[in-house]
Amino acid sequence: MSKKIAVLVGSLRKDSFNLKVAKVFKQIAPQSLSLDIIEIGDLPFYNEDIDTDTPPQSYVRFRQEIANCNGVIFVTPEYNRGLPAVIKNALDVGSRPYGKSVWSKKPAAVISVSQGAIGGFGANHQLRQSFVFLDMPTLQQPEAYIGNINNAFDENGNMNEKTKEFLSAIINSYAHWVEKLS
């Protein structure tokens with residue numbers, strides 16, 4: 001039986017390179033993994049005042065979807081040398097209410113994707129810092145910083161083979177690692 005893996009995309013843009021990378025992951029994932037891109041753009045900014053006995057429906061949906069997964073892959077851009085607010089908000093929503101985090105023990109991987117040369121290094125490492133507190137074991141190798149992503153796709157939106165091979169190495173390493181953790 002395949003492991004259900006949530007994929008969170010840190011860019012909300014309709015034609016996002018990060019979303020394109022997430023979709024390629026879904027296509028090339030080994031059969032031992034079933035990847036599902038989870039919506040995070042509809043989550044109101046975390047606010048304890050609205051997180052009462054009747055939290056927003058999007059909080060409930062999101063927390064349940066993450067709770068039902070065996071692991072999480074984050075595909076994120078970098079904004080101003082840091083992670084996008086939408087990813088940080090998803091982490092906060094999933095970690096609350098206090099003592100009821102849906103993140104604990106979920107194996108995580110981070111793929112940072114950027115049009116810039118350094119491939120989202122800052123966002124990648126900020127996420128890793130949060131994972132320590134959230135008790136999420138994190139795939140250490142191979143690290144995944146994909147720079148100049150705009151050059152990885154042709155005019156028809158197809159990813160070049162070199163980038164696809166790199167993504168295959170990442171998803172296969174993640175699948176093998178998750179299996180060993182089980």
# chains A, B, ... in the order shown; residues from 1 in each chain; ligands from 1
$ closest_atom_pairs --of "range 43-122 of chain A" --to "range 131-149 of chain A" --cutoff "12 Å" --atoms "only C-alpha atoms" --output "tab-separated table"
residue	atom	partner	partner_atom	distance
A:Asn70	CA	A:Met136	CA	11.3
A:Gly71	CA	A:Met136	CA	9.0
A:Val72	CA	A:Met136	CA	9.2
A:Ile73	CA	A:Thr138	CA	9.7
A:Phe74	CA	A:Ala144	CA	10.7
A:Val75	CA	A:Ala144	CA	9.6
A:Thr76	CA	A:Tyr145	CA	9.8
A:Pro77	CA	A:Ile146	CA	9.5
A:Glu78	CA	A:Tyr145	CA	10.4
A:Lys88	CA	A:Phe131	CA	11.2
A:Leu91	CA	A:Leu134	CA	8.6
A:Asp92	CA	A:Leu134	CA	9.8
A:Val93	CA	A:Leu134	CA	12.0
A:Gly94	CA	A:Leu134	CA	9.6
A:Ser95	CA	A:Leu134	CA	7.3
A:Arg96	CA	A:Leu134	CA	10.8
A:Tyr98	CA	A:Leu134	CA	11.3
A:Gly99	CA	A:Leu134	CA	10.8
A:Lys100	CA	A:Leu134	CA	11.0
A:Ser101	CA	A:Leu134	CA	7.7
A:Val102	CA	A:Leu134	CA	9.0
A:Trp103	CA	A:Leu134	CA	6.1
A:Ser104	CA	A:Asp135	CA	4.9
A:Lys105	CA	A:Met136	CA	5.0
A:Lys106	CA	A:Met136	CA	5.3
A:Pro107	CA	A:Pro137	CA	5.0
A:Ala108	CA	A:Thr138	CA	4.7
A:Ala109	CA	A:Leu139	CA	5.3
A:Val110	CA	A:Ala144	CA	6.8
A:Ile111	CA	A:Ala144	CA	4.9
A:Ser112	CA	A:Tyr145	CA	5.0
A:Val113	CA	A:Ile146	CA	4.8
A:Ser114	CA	A:Gly147	CA	5.0
A:Gln115	CA	A:Asn148	CA	4.3
A:Gly116	CA	A:Asn148	CA	5.3
A:Ala117	CA	A:Gly147	CA	4.8
A:Ile118	CA	A:Gly147	CA	5.6
A:Gly119	CA	A:Gly147	CA	3.7
A:Gly120	CA	A:Tyr145	CA	6.2
A:Phe121	CA	A:Tyr145	CA	6.4
A:Gly122	CA	A:Tyr145	CA	9.9
$ residues_around --residues "Glu39 in chain A" --least-positions-apart "6" --cutoff "9 Å" --atoms "only C-alpha atoms" --output "VMD selection string"
chain A and resid 7 to 9 62
$ closest_residue --among "A:Glu165, A:Asp42, A:Glu155, A:Asp49" --to "Arg61 in chain A" --atoms "only C-alpha atoms"
A:Asp42
$ select_by_dssp --residues "range 42-138 of chain A" --states "strand (DSSP E)" --output "number ranges by chain"
A: 71-76, 108-113
$ residues_around --residues "Ile5 in chain A" --least-positions-apart "5" --cutoff "12 Å" --atoms "only C-alpha atoms" --output "MDAnalysis selection string"
chainID A and resid 22 25:26 29:38 65:74 106:109 171 174:175 178
$ atom_distance --atom1 "CA of Leu83 in chain A" --atom2 "CA of Asn156 in chain A"
28.7 Å
$ atom_distance --atom1 "CA of Asp154 in chain A" --atom2 "CA of Leu167 in chain A"
16.7 Å
$ atom_distance --atom1 "CA of Arg81 in chain A" --atom2 "CA of Tyr46 in chain A"
22.1 Å
$ select_by_dssp --residues "chain A" --states "helix (DSSP H, G or I)" --output "NGL selection string"
:A and (17-28 or 57-67 or 85-95 or 121-134 or 149-151 or 161-181)
$ residues_around --residues "Ala85 in chain A" --least-positions-apart "6" --cutoff "9 Å" --atoms "only C-alpha atoms" --output "short mmCIF file (atom, residue, chain, number, x, y, z; two decimals) with N, CA and C atoms, in the first residue's frame"
data_model
loop_
_atom_site.label_atom_id
_atom_site.label_comp_id
_atom_site.auth_asym_id
_atom_site.auth_seq_id
_atom_site.Cartn_x
_atom_site.Cartn_y
_atom_site.Cartn_z
N GLY A 10 4.19 26.71 -2.06
CA GLY A 10 4.30 28.02 -1.44
C GLY A 10 4.05 29.20 -2.35
N PHE A 45 -5.17 33.98 7.68
CA PHE A 45 -3.99 34.07 8.54
C PHE A 45 -4.34 33.55 9.91
N TYR A 79 10.90 34.44 -1.04
CA TYR A 79 10.56 35.85 -1.18
C TYR A 79 11.42 36.65 -0.21
#
$ closest_residue --among "A:Phe17, A:Tyr59, A:Trp177, A:Phe153" --to "Asn47 in chain A" --atoms "only C-alpha atoms"
A:Tyr59
$ closest_residue --among "A:His176, A:Lys20, A:His125, A:Lys4" --to "Gly157 in chain A" --atoms "only C-alpha atoms"
A:Lys20
$ decode --residues "range 66-80 of chain A" --atoms "all heavy atoms" --output "mmCIF file, in the first residue's frame"
data_model
loop_
_atom_site.group_PDB
_atom_site.id
_atom_site.type_symbol
_atom_site.label_atom_id
_atom_site.label_comp_id
_atom_site.auth_asym_id
_atom_site.auth_seq_id
_atom_site.Cartn_x
_atom_site.Cartn_y
_atom_site.Cartn_z
ATOM 1 N N ILE A 66 -3.845 16.977 6.456
ATOM 2 C CA ILE A 66 -2.470 16.727 6.894
ATOM 3 C C ILE A 66 -2.438 15.557 7.872
ATOM 4 O O ILE A 66 -1.571 14.684 7.784
ATOM 5 C CB ILE A 66 -1.836 17.992 7.509
ATOM 6 C CG1 ILE A 66 -1.756 19.126 6.481
ATOM 7 C CG2 ILE A 66 -0.458 17.677 8.099
ATOM 8 C CD1 ILE A 66 -0.943 18.817 5.237
ATOM 9 N N ALA A 67 -3.391 15.502 8.789
ATOM 10 C CA ALA A 67 -3.437 14.400 9.764
ATOM 11 C C ALA A 67 -3.546 13.049 9.059
ATOM 12 O O ALA A 67 -2.994 12.053 9.529
ATOM 13 C CB ALA A 67 -4.602 14.594 10.728
ATOM 14 N N ASN A 68 -4.218 13.007 7.918
ATOM 15 C CA ASN A 68 -4.423 11.760 7.182
ATOM 16 C C ASN A 68 -3.245 11.366 6.293
ATOM 17 O O ASN A 68 -3.286 10.333 5.636
ATOM 18 C CB ASN A 68 -5.685 11.852 6.325
ATOM 19 C CG ASN A 68 -6.938 11.861 7.153
ATOM 20 O OD1 ASN A 68 -6.945 11.419 8.303
ATOM 21 N ND2 ASN A 68 -8.015 12.403 6.608
ATOM 22 N N CYS A 69 -2.200 12.182 6.253
ATOM 23 C CA CYS A 69 -1.041 11.899 5.414
ATOM 24 C C CYS A 69 0.078 11.259 6.221
ATOM 25 O O CYS A 69 0.157 11.421 7.431
ATOM 26 C CB CYS A 69 -0.538 13.192 4.769
ATOM 27 S SG CYS A 69 -1.639 13.777 3.478
ATOM 28 N N ASN A 70 0.937 10.550 5.497
ATOM 29 C CA ASN A 70 2.094 9.894 6.105
ATOM 30 C C ASN A 70 3.355 10.737 6.030
ATOM 31 O O ASN A 70 4.376 10.381 6.612
ATOM 32 C CB ASN A 70 2.373 8.559 5.415
ATOM 33 C CG ASN A 70 1.182 7.649 5.463
ATOM 34 O OD1 ASN A 70 0.493 7.478 4.462
ATOM 35 N ND2 ASN A 70 0.911 7.064 6.611
ATOM 36 N N GLY A 71 3.316 11.843 5.309
ATOM 37 C CA GLY A 71 4.473 12.706 5.156
ATOM 38 C C GLY A 71 4.092 13.951 4.381
ATOM 39 O O GLY A 71 2.960 14.063 3.885
ATOM 40 N N VAL A 72 5.044 14.893 4.298
ATOM 41 C CA VAL A 72 4.765 16.176 3.643
ATOM 42 C C VAL A 72 5.976 16.617 2.829
ATOM 43 O O VAL A 72 7.111 16.583 3.321
ATOM 44 C CB VAL A 72 4.432 17.282 4.668
ATOM 45 C CG1 VAL A 72 3.979 18.559 3.956
ATOM 46 C CG2 VAL A 72 3.381 16.830 5.667
ATOM 47 N N ILE A 73 5.714 17.029 1.608
ATOM 48 C CA ILE A 73 6.737 17.633 0.754
ATOM 49 C C ILE A 73 6.351 19.093 0.547
ATOM 50 O O ILE A 73 5.206 19.390 0.181
ATOM 51 C CB ILE A 73 6.843 16.905 -0.599
ATOM 52 C CG1 ILE A 73 7.315 15.469 -0.393
ATOM 53 C CG2 ILE A 73 7.781 17.661 -1.546
ATOM 54 C CD1 ILE A 73 7.296 14.626 -1.657
ATOM 55 N N PHE A 74 7.293 19.977 0.795
ATOM 56 C CA PHE A 74 7.087 21.411 0.606
ATOM 57 C C PHE A 74 7.837 21.834 -0.653
ATOM 58 O O PHE A 74 9.034 21.569 -0.784
ATOM 59 C CB PHE A 74 7.632 22.194 1.803
ATOM 60 C CG PHE A 74 6.889 21.954 3.080
ATOM 61 C CD1 PHE A 74 7.141 20.823 3.846
ATOM 62 C CD2 PHE A 74 5.924 22.849 3.515
ATOM 63 C CE1 PHE A 74 6.458 20.594 5.031
ATOM 64 C CE2 PHE A 74 5.236 22.625 4.697
ATOM 65 C CZ PHE A 74 5.496 21.500 5.456
ATOM 66 N N VAL A 75 7.132 22.478 -1.564
ATOM 67 C CA VAL A 75 7.734 23.031 -2.769
ATOM 68 C C VAL A 75 7.498 24.530 -2.680
ATOM 69 O O VAL A 75 6.353 24.988 -2.731
ATOM 70 C CB VAL A 75 7.094 22.448 -4.054
ATOM 71 C CG1 VAL A 75 7.789 23.017 -5.288
ATOM 72 C CG2 VAL A 75 7.152 20.923 -4.054
ATOM 73 N N THR A 76 8.580 25.285 -2.506
ATOM 74 C CA THR A 76 8.390 26.694 -2.172
ATOM 75 C C THR A 76 9.354 27.625 -2.878
ATOM 76 O O THR A 76 10.522 27.287 -3.086
ATOM 77 C CB THR A 76 8.519 26.892 -0.641
ATOM 78 O OG1 THR A 76 8.173 28.240 -0.312
ATOM 79 C CG2 THR A 76 9.912 26.576 -0.139
ATOM 80 N N PRO A 77 8.866 28.810 -3.210
ATOM 81 C CA PRO A 77 9.768 29.852 -3.691
ATOM 82 C C PRO A 77 10.407 30.536 -2.484
ATOM 83 O O PRO A 77 10.116 30.190 -1.334
ATOM 84 C CB PRO A 77 8.826 30.820 -4.420
ATOM 85 C CG PRO A 77 7.541 30.710 -3.669
ATOM 86 C CD PRO A 77 7.469 29.260 -3.233
ATOM 87 N N GLU A 78 11.249 31.492 -2.779
ATOM 88 C CA GLU A 78 11.829 32.339 -1.744
ATOM 89 C C GLU A 78 11.422 33.770 -2.041
ATOM 90 O O GLU A 78 11.551 34.229 -3.174
ATOM 91 C CB GLU A 78 13.357 32.219 -1.759
ATOM 92 C CG GLU A 78 14.033 33.110 -0.745
ATOM 93 C CD GLU A 78 15.527 32.908 -0.733
ATOM 94 O OE1 GLU A 78 15.971 31.871 -0.202
ATOM 95 O OE2 GLU A 78 16.235 33.786 -1.269
ATOM 96 N N TYR A 79 10.899 34.441 -1.041
ATOM 97 C CA TYR A 79 10.558 35.851 -1.181
ATOM 98 C C TYR A 79 11.417 36.652 -0.211
ATOM 99 O O TYR A 79 11.376 36.415 1.004
ATOM 100 C CB TYR A 79 9.079 36.096 -0.860
ATOM 101 C CG TYR A 79 8.097 35.403 -1.789
ATOM 102 C CD1 TYR A 79 6.842 35.054 -1.341
ATOM 103 C CD2 TYR A 79 8.416 35.106 -3.101
ATOM 104 C CE1 TYR A 79 5.920 34.426 -2.168
ATOM 105 C CE2 TYR A 79 7.504 34.478 -3.941
ATOM 106 C CZ TYR A 79 6.265 34.150 -3.474
ATOM 107 O OH TYR A 79 5.360 33.531 -4.299
ATOM 108 N N ASN A 80 12.219 37.568 -0.740
ATOM 109 C CA ASN A 80 13.041 38.453 0.091
ATOM 110 C C ASN A 80 13.917 37.683 1.070
ATOM 111 O O ASN A 80 14.006 38.011 2.239
ATOM 112 C CB ASN A 80 12.161 39.469 0.819
ATOM 113 C CG ASN A 80 11.312 40.266 -0.143
ATOM 114 O OD1 ASN A 80 11.833 40.793 -1.111
ATOM 115 N ND2 ASN A 80 10.013 40.328 0.100
#
